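Note: the block below is query_33.pdb and it holds PDB, C-alpha atoms and all ligand atoms.
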ATOM      1  CA  MET A1424       3.884 -11.193  -1.919
ATOM      2  CA  ASN A1425       1.923  -9.454  -4.649
ATOM      3  CA  GLU A1426      -0.880 -11.575  -6.035
ATOM      4  CA  SER A1427      -2.214  -9.745  -9.045
ATOM      5  CA  SER A1428      -5.917  -9.776  -9.632
ATOM      6  CA  SER A1429      -7.636 -10.565 -12.894
ATOM      7  CA  GLU A1430     -10.858 -11.284 -11.003
ATOM      8  CA  SER A1431     -12.400  -9.224  -8.241
ATOM      9  CA  ALA A1432     -12.439 -10.291  -4.590
ATOM     10  CA  PRO A1433     -15.599 -12.210  -3.664
ATOM     11  CA  LEU A1434     -18.294 -10.356  -1.727
ATOM     12  CA  ILE A1435     -18.202 -11.285   1.964
ATOM     13  CA  ARG A1436     -21.181 -10.495   4.212
ATOM     14  CA  SER A1437     -21.163 -10.449   7.991
ATOM     15  CA  GLU A1438     -23.808  -9.343  10.460
ATOM     16  CA  ARG A1439     -23.147  -5.605  10.039
ATOM     17  CA  LEU A1440     -20.670  -5.403   7.159
ATOM     18  CA  TRP A1441     -20.299  -5.638   3.431
ATOM     19  CA  LEU A1442     -16.773  -6.524   2.285
ATOM     20  CA  THR A1443     -16.738  -5.529  -1.368
ATOM     21  CA  THR A1444     -14.342  -4.596  -4.135
ATOM     22  CA  PHE A1445     -12.968  -1.068  -4.246
ATOM     23  CA  SER A1446     -13.517   1.384  -7.089
ATOM     24  CA  MET A1447     -11.566   4.524  -8.010
ATOM     25  CA  SER A1448     -14.602   6.536  -6.897
ATOM     26  CA  ASP A1449     -13.804   5.528  -3.286
ATOM     27  CA  ALA A1450     -10.880   7.986  -3.120
ATOM     28  CA  GLY A1451     -12.785  10.621  -1.086
ATOM     29  CA  PRO A1452     -13.788   8.420   1.861
ATOM     30  CA  VAL A1453     -10.405   6.631   1.823
ATOM     31  CA  PHE A1454      -8.602   9.988   1.989
ATOM     32  CA  GLU A1455     -10.890  11.104   4.833
ATOM     33  CA  TYR A1456      -9.733   8.341   7.192
ATOM     34  CA  ALA A1457      -6.219   7.743   5.830
ATOM     35  CA  SER A1458      -5.277  11.413   6.319
ATOM     36  CA  VAL A1459      -5.876  11.203  10.101
ATOM     37  CA  PRO A1460      -2.357  10.872  11.606
ATOM     38  CA  GLU A1461      -3.517   8.566  14.430
ATOM     39  CA  VAL A1462      -4.778   6.015  11.875
ATOM     40  CA  SER A1463      -1.326   5.348  10.392
ATOM     41  CA  ARG A1464       0.601   5.638  13.667
ATOM     42  CA  TYR A1465       1.343   1.883  13.683
ATOM     43  CA  THR A1466       1.176   1.140   9.946
ATOM     44  CA  THR A1467       3.860   0.950   7.263
ATOM     45  CA  TRP A1468       2.391   3.977   5.431
ATOM     46  CA  PHE A1469       2.358   7.718   6.107
ATOM     47  CA  PRO A1470      -0.862   9.747   6.544
ATOM     48  CA  HIS A1471      -2.341  10.706   3.177
ATOM     49  CA  THR A1472      -1.696  14.344   2.371
ATOM     50  CA  SER A1473      -3.689  14.593  -0.861
ATOM     51  CA  ILE A1474      -6.379  12.721  -2.729
ATOM     52  CA  ARG A1475      -3.599  11.372  -4.962
ATOM     53  CA  ASP A1476      -2.346   9.240  -2.057
ATOM     54  CA  ALA A1477      -5.812   7.701  -1.782
ATOM     55  CA  GLU A1478      -5.878   7.105  -5.548
ATOM     56  CA  GLU A1479      -2.474   5.393  -5.336
ATOM     57  CA  PHE A1480      -3.796   3.139  -2.568
ATOM     58  CA  LEU A1481      -6.863   2.337  -4.702
ATOM     59  CA  ARG A1482      -4.687   1.358  -7.670
ATOM     60  CA  TYR A1483      -2.816  -0.993  -5.331
ATOM     61  CA  ALA A1484      -6.075  -2.361  -3.833
ATOM     62  CA  LEU A1485      -7.521  -2.998  -7.301
ATOM     63  CA  SER A1486      -4.348  -4.806  -8.357
ATOM     64  CA  GLU A1487      -4.479  -7.155  -5.352
ATOM     65  CA  ARG A1488      -6.492 -10.367  -5.565
ATOM     66  CA  TYR A1489      -7.927 -10.276  -2.025
ATOM     67  CA  CYS A1490      -8.283  -6.715  -0.805
ATOM     68  CA  TRP A1491     -11.728  -5.633   0.355
ATOM     69  CA  ALA A1492     -13.425  -2.327   1.008
ATOM     70  CA  ILE A1493     -15.350  -2.344   4.276
ATOM     71  CA  ARG A1494     -18.822  -0.802   3.967
ATOM     72  CA  LEU A1495     -21.742  -0.591   6.363
ATOM     73  CA  TYR A1496     -24.210  -1.150   3.538
ATOM     74  CA  ALA A1497     -23.911  -2.469  -0.007
ATOM     75  CA  ASP A1498     -23.274   0.800  -1.839
ATOM     76  CA  GLY A1499     -22.297   2.873   1.202
ATOM     77  CA  PRO A1500     -19.037   4.805   1.557
ATOM     78  CA  VAL A1501     -15.852   2.930   2.371
ATOM     79  CA  VAL A1502     -15.116   2.958   6.109
ATOM     80  CA  GLY A1503     -11.983   0.796   6.007
ATOM     81  CA  ALA A1504     -10.013  -1.917   4.261
ATOM     82  CA  VAL A1505      -8.949  -5.485   4.947
ATOM     83  CA  GLU A1506      -6.627  -7.631   2.869
ATOM     84  CA  CYS A1507      -5.529 -11.247   2.981
ATOM     85  CA  THR A1508      -2.173 -11.416   1.266
ATOM     86  CA  SER A1509      -0.335 -14.515   0.119
ATOM     87  CA  GLU A1510       2.934 -15.095   1.960
ATOM     88  CA  GLY A1511       3.843 -18.200  -0.020
ATOM     89  CA  GLN A1512       2.707 -21.805   0.033
ATOM     90  CA  GLY A1513      -0.144 -22.318   2.532
ATOM     91  CA  GLU A1514       0.297 -19.010   4.361
ATOM     92  CA  ARG A1515      -1.489 -15.655   4.268
ATOM     93  CA  SER A1516      -1.376 -12.499   6.322
ATOM     94  CA  VAL A1517      -4.186 -10.071   7.219
ATOM     95  CA  HIS A1518      -3.847  -6.284   7.261
ATOM     96  CA  TYR A1519      -6.597  -3.842   8.110
ATOM     97  CA  VAL A1520      -7.594  -0.282   8.805
ATOM     98  CA  LEU A1521     -10.849   1.330   9.933
ATOM     99  CA  SER A1522     -12.065   4.910   9.941
ATOM    100  CA  PRO A1523     -11.673   6.292  13.506
ATOM    101  CA  GLN A1524     -15.355   7.327  13.440
ATOM    102  CA  HIS A1525     -16.165   3.625  13.844
ATOM    103  CA  TRP A1526     -13.492   2.434  16.280
ATOM    104  CA  GLY A1527     -14.558   0.543  19.380
ATOM    105  CA  ARG A1528     -17.747  -1.043  17.986
ATOM    106  CA  GLY A1529     -16.282  -4.477  17.287
ATOM    107  CA  LEU A1530     -16.396  -3.856  13.525
ATOM    108  CA  MET A1531     -12.813  -4.840  12.721
ATOM    109  CA  THR A1532     -13.098  -7.997  14.798
ATOM    110  CA  GLU A1533     -16.204  -8.807  12.732
ATOM    111  CA  ALA A1534     -14.386  -8.058   9.440
ATOM    112  CA  VAL A1535     -11.239 -10.056  10.279
ATOM    113  CA  ASP A1536     -13.325 -12.959  11.603
ATOM    114  CA  ALA A1537     -15.284 -13.017   8.332
ATOM    115  CA  VAL A1538     -12.096 -12.946   6.235
ATOM    116  CA  ILE A1539     -10.521 -15.736   8.313
ATOM    117  CA  GLU A1540     -13.614 -17.898   7.871
ATOM    118  CA  TRP A1541     -13.671 -17.189   4.150
ATOM    119  CA  ALA A1542      -9.920 -17.925   3.812
ATOM    120  CA  PHE A1543     -10.043 -21.281   5.612
ATOM    121  CA  THR A1544     -13.145 -22.426   3.739
ATOM    122  CA  ALA A1545     -12.148 -21.206   0.240
ATOM    123  CA  ASP A1546     -10.069 -23.507  -1.901
ATOM    124  CA  LEU A1547      -6.745 -21.794  -1.160
ATOM    125  CA  GLY A1548      -4.757 -24.645   0.424
ATOM    126  CA  LEU A1549      -4.322 -22.429   3.465
ATOM    127  CA  GLU A1550      -2.557 -23.769   6.584
ATOM    128  CA  TRP A1551      -1.703 -20.562   8.460
ATOM    129  CA  ILE A1552      -2.924 -16.996   8.766
ATOM    130  CA  LYS A1553      -0.272 -14.827  10.374
ATOM    131  CA  THR A1554       0.258 -11.145  10.858
ATOM    132  CA  THR A1555       2.741  -8.801  12.472
ATOM    133  CA  VAL A1556       1.851  -5.908  14.731
ATOM    134  CA  ILE A1557       3.676  -3.207  16.654
ATOM    135  CA  PRO A1558       3.293  -4.272  20.314
ATOM    136  CA  GLU A1559       2.106  -0.768  21.329
ATOM    137  CA  ASN A1560      -0.909  -1.151  19.008
ATOM    138  CA  GLY A1561      -3.167  -2.482  21.772
ATOM    139  CA  ALA A1562      -6.420  -2.236  19.778
ATOM    140  CA  SER A1563      -4.987  -4.268  16.893
ATOM    141  CA  ILE A1564      -3.584  -6.929  19.224
ATOM    142  CA  ARG A1565      -6.991  -7.184  20.878
ATOM    143  CA  VAL A1566      -8.640  -7.670  17.468
ATOM    144  CA  LEU A1567      -6.206 -10.508  16.687
ATOM    145  CA  GLU A1568      -6.793 -12.146  20.078
ATOM    146  CA  LYS A1569     -10.579 -11.896  19.710
ATOM    147  CA  CYS A1570     -10.207 -13.589  16.301
ATOM    148  CA  GLY A1571      -8.375 -16.518  17.892
ATOM    149  CA  MET A1572      -4.817 -15.575  16.943
ATOM    150  CA  GLU A1573      -1.971 -16.428  19.294
ATOM    151  CA  LEU A1574       1.372 -14.783  19.868
ATOM    152  CA  LEU A1575       3.987 -16.857  18.016
ATOM    153  CA  GLY A1576       7.116 -14.773  18.466
ATOM    154  CA  GLU A1577       8.735 -11.571  17.362
ATOM    155  CA  VAL A1578      10.553 -10.265  14.337
ATOM    156  CA  SER A1579      12.506  -7.169  13.392
ATOM    157  CA  GLU A1580      11.704  -5.399  10.095
ATOM    158  CA  GLU A1581      12.933  -2.367   8.190
ATOM    159  CA  TRP A1582      10.063   0.019   7.476
ATOM    160  CA  GLY A1583      10.782   2.930   5.154
ATOM    161  CA  LYS A1584       8.984   5.384   7.425
ATOM    162  CA  PHE A1585      11.188   4.795  10.505
ATOM    163  CA  SER A1586      14.961   5.173  10.645
ATOM    164  CA  ASP A1587      15.446   2.206  13.025
ATOM    165  CA  PRO A1588      14.251  -1.378  12.491
ATOM    166  CA  VAL A1589      10.778  -1.974  13.948
ATOM    167  CA  GLN A1590      10.256  -4.743  16.514
ATOM    168  CA  LEU A1591       7.031  -6.582  15.688
ATOM    169  CA  ALA A1592       4.969  -9.233  17.442
ATOM    170  CA  VAL A1593       3.980 -12.159  15.206
ATOM    171  CA  TYR A1594       0.442 -13.493  15.670
ATOM    172  CA  GLY A1595      -1.007 -16.524  13.946
ATOM    173  CA  LEU A1596      -3.857 -19.003  13.642
ATOM    174  CA  SER A1597      -3.314 -22.464  12.166
ATOM    175  CA  ARG A1598      -5.891 -24.421  10.195
ATOM    176  CA  ALA A1599      -5.786 -27.139  12.893
ATOM    177  CA  THR A1600      -6.692 -24.644  15.635
ATOM    178  CA  TRP A1601      -9.338 -22.961  13.474
ATOM    179  CA  ASP A1602     -10.882 -26.362  12.625
ATOM    180  CA  ARG A1603     -11.024 -27.269  16.338
ATOM    181  CA  HIS A1604     -12.717 -24.020  17.340
ATOM    182  CA  SER A1605     -15.094 -23.667  14.412
ATOM    183  CA  SER A1606     -16.573 -27.195  14.536
TER
HETATM  184  C1  LIG B1701      -6.873  -1.512  15.103
HETATM  185  C2  LIG B1701      -8.263  -1.170  14.588
HETATM  186  C3  LIG B1701      -8.469  -1.805  13.225
HETATM  187  C4  LIG B1701      -9.312  -1.714  15.559
HETATM  188  O1  LIG B1701     -10.603  -1.553  14.986
HETATM  189  P1  LIG B1701     -11.915  -1.584  15.905
HETATM  190  O2  LIG B1701     -13.096  -1.835  15.029
HETATM  191  O3  LIG B1701     -11.953  -0.389  16.786
HETATM  192  O4  LIG B1701     -11.643  -2.888  16.769
HETATM  193  P2  LIG B1701     -12.706  -3.681  17.675
HETATM  194  O5  LIG B1701     -13.749  -2.711  18.169
HETATM  195  O6  LIG B1701     -13.171  -4.863  16.909
HETATM  196  O7  LIG B1701     -11.801  -4.187  18.872
HETATM  197  C5  LIG B1701     -10.915  -3.294  19.525
HETATM  198  C6  LIG B1701     -10.543  -3.865  20.870
HETATM  199  O8  LIG B1701      -9.353  -3.213  21.327
HETATM  200  C7  LIG B1701      -9.581  -2.625  22.584
HETATM  201  N1  LIG B1701      -8.723  -1.437  22.627
HETATM  202  C8  LIG B1701      -8.923  -0.228  22.070
HETATM  203  N2  LIG B1701      -7.848   0.557  22.303
HETATM  204  C9  LIG B1701      -6.957  -0.187  23.007
HETATM  205  C10 LIG B1701      -5.664   0.060  23.531
HETATM  206  N3  LIG B1701      -5.060   1.243  23.371
HETATM  207  N4  LIG B1701      -5.040  -0.940  24.209
HETATM  208  C11 LIG B1701      -5.626  -2.151  24.377
HETATM  209  N5  LIG B1701      -6.862  -2.446  23.867
HETATM  210  C12 LIG B1701      -7.510  -1.467  23.214
HETATM  211  C13 LIG B1701     -11.080  -2.349  22.616
HETATM  212  O9  LIG B1701     -11.549  -2.189  23.950
HETATM  213  C14 LIG B1701     -11.577  -3.625  21.952
HETATM  214  O10 LIG B1701     -11.483  -4.749  22.808
HETATM  215  P3  LIG B1701     -12.761  -5.340  23.632
HETATM  216  O11 LIG B1701     -13.800  -5.691  22.602
HETATM  217  O12 LIG B1701     -12.209  -6.504  24.362
HETATM  218  O13 LIG B1701     -13.236  -4.217  24.524
HETATM  219  C15 LIG B1701      -8.451   0.364  14.465
HETATM  220  O14 LIG B1701      -8.112   0.941  15.691
HETATM  221  C16 LIG B1701      -7.584   0.972  13.361
HETATM  222  O15 LIG B1701      -7.990   1.042  12.210
HETATM  223  N6  LIG B1701      -6.376   1.428  13.734
HETATM  224  C17 LIG B1701      -5.476   2.087  12.766
HETATM  225  C18 LIG B1701      -4.905   1.125  11.736
HETATM  226  C19 LIG B1701      -4.148  -0.024  12.378
HETATM  227  O16 LIG B1701      -3.455   0.151  13.383
HETATM  228  N7  LIG B1701      -4.276  -1.209  11.761
HETATM  229  C20 LIG B1701      -3.641  -2.394  12.240
HETATM  230  C21 LIG B1701      -2.200  -2.457  11.841
HETATM  231  S1  LIG B1701      -1.461  -3.956  12.511
END

Structure encoded using structure tokens:
Amino acid sequence: MNESSSESAPLIRSERLWLTTFSMSDAGPVFEYASVPEVSRYTTWFPHTSIRDAEEFLRYALSERYCWAIRLYADGPVVGAVECTSEGQGERSVHYVLSPQHWGRGLMTEAVDAVIEWAFTADLGLEWIKTTVIPENGASIRVLEKCGMELLGEVSEEWGKFSDPVQLAVYGLSRATWDRHSS
């Protein structure tokens, strides 16, 4: 559900990361990772083939209320993105991508953990964070598990990039479970 942004997403800090707003000047670094075919293997989007694709993503990111650039220092280049999208009353989903140069260092677990903590402590009336993932995307499933998400079921979706419906695993974390584990 599109949640248009008149204000920018709040800065979120974690041990190693700065989650900041995007700017149109981020197109170069976004194109660098989003053009790697392996990065979009399990995502709804195709690999970027020109800087215009990155600019289109940035226009989307800037129009979304809660979409963050992931940076390793305050004004460093973008190394990924994480968003926390409204799915209706009391529910949000998380979506994320990281430059392959930085895979396997626990960075996305750190980013998603920070966004989950922000989302449950901000005044959003949030009861559930859920997300869907292609079951073959082992690294993403591991990130969700490390962030305390549990497998809730499965769902079939039409994605423009595939001719057949995609079978997805649904993962989620309720406020009640988060409260229990974070106190
Ligand atoms: C998924 C993604 C965000 C993970 O980022 P990351 O920073 O490398 O993740 P982390 O280092 O925090 O954790 C990755 C975990 O997955 C594990 N892993 C890596 N590849 C795996 C695989 N093929 N199968 C199972 N587990 C795998 C790692 O060992 C690690 O777990 P561990 O800490 O228990 O050892 C990154 O690979 C990415 O951007 N992929 C492309 C975009 C994408 O698929 N986004 C998600 C769409 S749902």

Find the residues of chain A that sit at most 10 Å from ligand LIG 1701 (chain B); for each, write down the nearest two atoms and how far apart they are in Å, to one decimal. Count only C-alpha atoms and all ligand atoms. Sort by chain, then by number going up, and give it as a Markdown table.
| residue | atom | partner | partner_atom | distance |
| --- | --- | --- | --- | --- |
| A:Tyr1456 | CA | B:LIG1701 | O15 | 9.0 |
| A:Ala1457 | CA | B:LIG1701 | C18 | 9.0 |
| A:Val1459 | CA | B:LIG1701 | C17 | 9.5 |
| A:Pro1460 | CA | B:LIG1701 | C17 | 9.4 |
| A:Glu1461 | CA | B:LIG1701 | C17 | 7.0 |
| A:Val1462 | CA | B:LIG1701 | C17 | 4.1 |
| A:Ser1463 | CA | B:LIG1701 | C18 | 5.7 |
| A:Arg1464 | CA | B:LIG1701 | O16 | 6.8 |
| A:Tyr1465 | CA | B:LIG1701 | O16 | 5.1 |
| A:Thr1466 | CA | B:LIG1701 | C21 | 5.3 |
| A:Thr1467 | CA | B:LIG1701 | C21 | 8.3 |
| A:Val1502 | CA | B:LIG1701 | O15 | 9.6 |
| A:Gly1503 | CA | B:LIG1701 | O15 | 7.4 |
| A:Ala1504 | CA | B:LIG1701 | O15 | 8.7 |
| A:Val1505 | CA | B:LIG1701 | C3 | 9.1 |
| A:Val1517 | CA | B:LIG1701 | S1 | 8.5 |
| A:His1518 | CA | B:LIG1701 | C21 | 6.2 |
| A:Tyr1519 | CA | B:LIG1701 | N7 | 5.1 |
| A:Val1520 | CA | B:LIG1701 | O15 | 3.7 |
| A:Leu1521 | CA | B:LIG1701 | O15 | 3.7 |
| A:Ser1522 | CA | B:LIG1701 | O15 | 6.1 |
| A:Pro1523 | CA | B:LIG1701 | O15 | 6.5 |
| A:Gln1524 | CA | B:LIG1701 | O3 | 9.1 |
| A:His1525 | CA | B:LIG1701 | O2 | 6.4 |
| A:Trp1526 | CA | B:LIG1701 | O3 | 3.3 |
| A:Gly1527 | CA | B:LIG1701 | O5 | 3.6 |
| A:Arg1528 | CA | B:LIG1701 | O5 | 4.3 |
| A:Gly1529 | CA | B:LIG1701 | O6 | 3.2 |
| A:Leu1530 | CA | B:LIG1701 | O2 | 4.2 |
| A:Met1531 | CA | B:LIG1701 | O2 | 3.8 |
| A:Thr1532 | CA | B:LIG1701 | O6 | 3.8 |
| A:Glu1533 | CA | B:LIG1701 | O6 | 6.5 |
| A:Ala1534 | CA | B:LIG1701 | O6 | 8.2 |
| A:Val1535 | CA | B:LIG1701 | O6 | 8.6 |
| A:Asp1536 | CA | B:LIG1701 | O6 | 9.7 |
| A:Thr1554 | CA | B:LIG1701 | S1 | 7.6 |
| A:Thr1555 | CA | B:LIG1701 | S1 | 6.4 |
| A:Val1556 | CA | B:LIG1701 | S1 | 4.4 |
| A:Ile1557 | CA | B:LIG1701 | S1 | 6.6 |
| A:Pro1558 | CA | B:LIG1701 | S1 | 9.1 |
| A:Glu1559 | CA | B:LIG1701 | N4 | 7.7 |
| A:Asn1560 | CA | B:LIG1701 | O16 | 6.3 |
| A:Gly1561 | CA | B:LIG1701 | N4 | 3.4 |
| A:Ala1562 | CA | B:LIG1701 | O8 | 3.5 |
| A:Ser1563 | CA | B:LIG1701 | C1 | 3.8 |
| A:Ile1564 | CA | B:LIG1701 | O8 | 7.2 |
| A:Arg1565 | CA | B:LIG1701 | O8 | 4.6 |
| A:Val1566 | CA | B:LIG1701 | O7 | 4.9 |
| A:Leu1567 | CA | B:LIG1701 | O7 | 8.7 |
| A:Glu1568 | CA | B:LIG1701 | O12 | 8.9 |
| A:Lys1569 | CA | B:LIG1701 | O12 | 7.3 |
| A:Cys1570 | CA | B:LIG1701 | O6 | 9.2 |
| A:Leu1591 | CA | B:LIG1701 | S1 | 9.4 |
| A:Ala1592 | CA | B:LIG1701 | S1 | 9.7 |

(request) On this file, the PyMOL selection byres (((chain A and resi 1585) around 12) and not hetatm) gives some set of residues; write that set as number ranges by chain. (result) A: 1464-1469, 1580-1584, 1586-1590

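The smallest atom-to-atom distance between Gly1451 of chain A and any of A:Ser1431, A:Ser1473, A:Ser1597, A:Ser1579, using all atoms listed in the file, is found for A:Ser1473.
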
(message) What's the separation between atom CA of Val1538 of chain A and atom CA of Ile1435 of chain A, in Å to one decimal place?
(response) 7.6 Å

(request) Might you spell out which residues the PyMOL selection byres (((chain A and resi 1540-1547) around 9) and not hetatm) would select in the displayed file, as an MDAnalysis selection string? (result) chainID A and resid 1435 1507 1513 1515 1535:1539 1548:1552 1598 1601:1602 1605

(request) Record the distance separating atom CA of Phe1454 of chain A and atom CA of Lys1553 of chain A, expressed in Å with one decimal. (result)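 Distance reported for this atom pair: 27.5 Å.
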
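Applied to this file, the PyMOL selection byres (((chain A and resi 1574) around 6) and not hetatm) selects the residues Glu1573, Leu1575, Gly1576, Val1593 and Tyr1594 of chain A.
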
(message) Quick check, in Å to one decimal: how far apart do atom CA of Tyr1496 of chain A and atom CA of Leu1440 of chain A lie?
(response)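 Spanning atom CA of Tyr1496 of chain A to atom CA of Leu1440 of chain A is a straight-line distance of 6.6 Å.
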
Would you place a box with edges along x, y and z of the file around all atoms of segment 1455-1461 of chain A listed there, add 8 Å to each of its six sides, and report the centre and edge lengths in Å to one decimal, as JSON?
{"center_x": -6.6, "center_y": 9.6, "center_z": 9.6, "size_x": 24.5, "size_y": 19.7, "size_z": 25.6}

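Closest approach to Arg1436 of chain A from the set A:Met1572, A:Val1453, A:Ala1497, A:Leu1485 is made by A:Ala1497, with distances taken over all atoms listed in the file.
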
(request) Please identify all polymer residues within 10 Å of Glu1430 of chain A, counting all atoms listed in the file, omitting same-chain residues fewer than 3 positions from it, and present them as a ChimeraX atom specification. (result) /A:1427,1433,1485-1489

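Distances to Ser1516 of chain A were evaluated for A:Thr1444, A:Ala1432, A:Arg1439, A:Cys1490 using all atoms listed in the file, and the minimum falls at A:Cys1490.
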
(request) Select, from A:Ile1493, A:Ala1484, A:Val1501, A:Leu1596, the residue with the minimum atom-to-atom distance to Ser1437 of chain A, counting all atoms listed in the file. (result)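 That would be A:Ile1493, the residue with the smallest distance to Ser1437 of chain A.
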
(request) Would you please work out which residue, of A:Glu1426, A:Ser1446, A:His1604, A:Ser1458, is nearest to Thr1508 of chain A when using only C-alpha atoms? (result)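 Ranking A:Glu1426, A:Ser1446, A:His1604, A:Ser1458 by distance to Thr1508 of chain A, first place goes to A:Glu1426.
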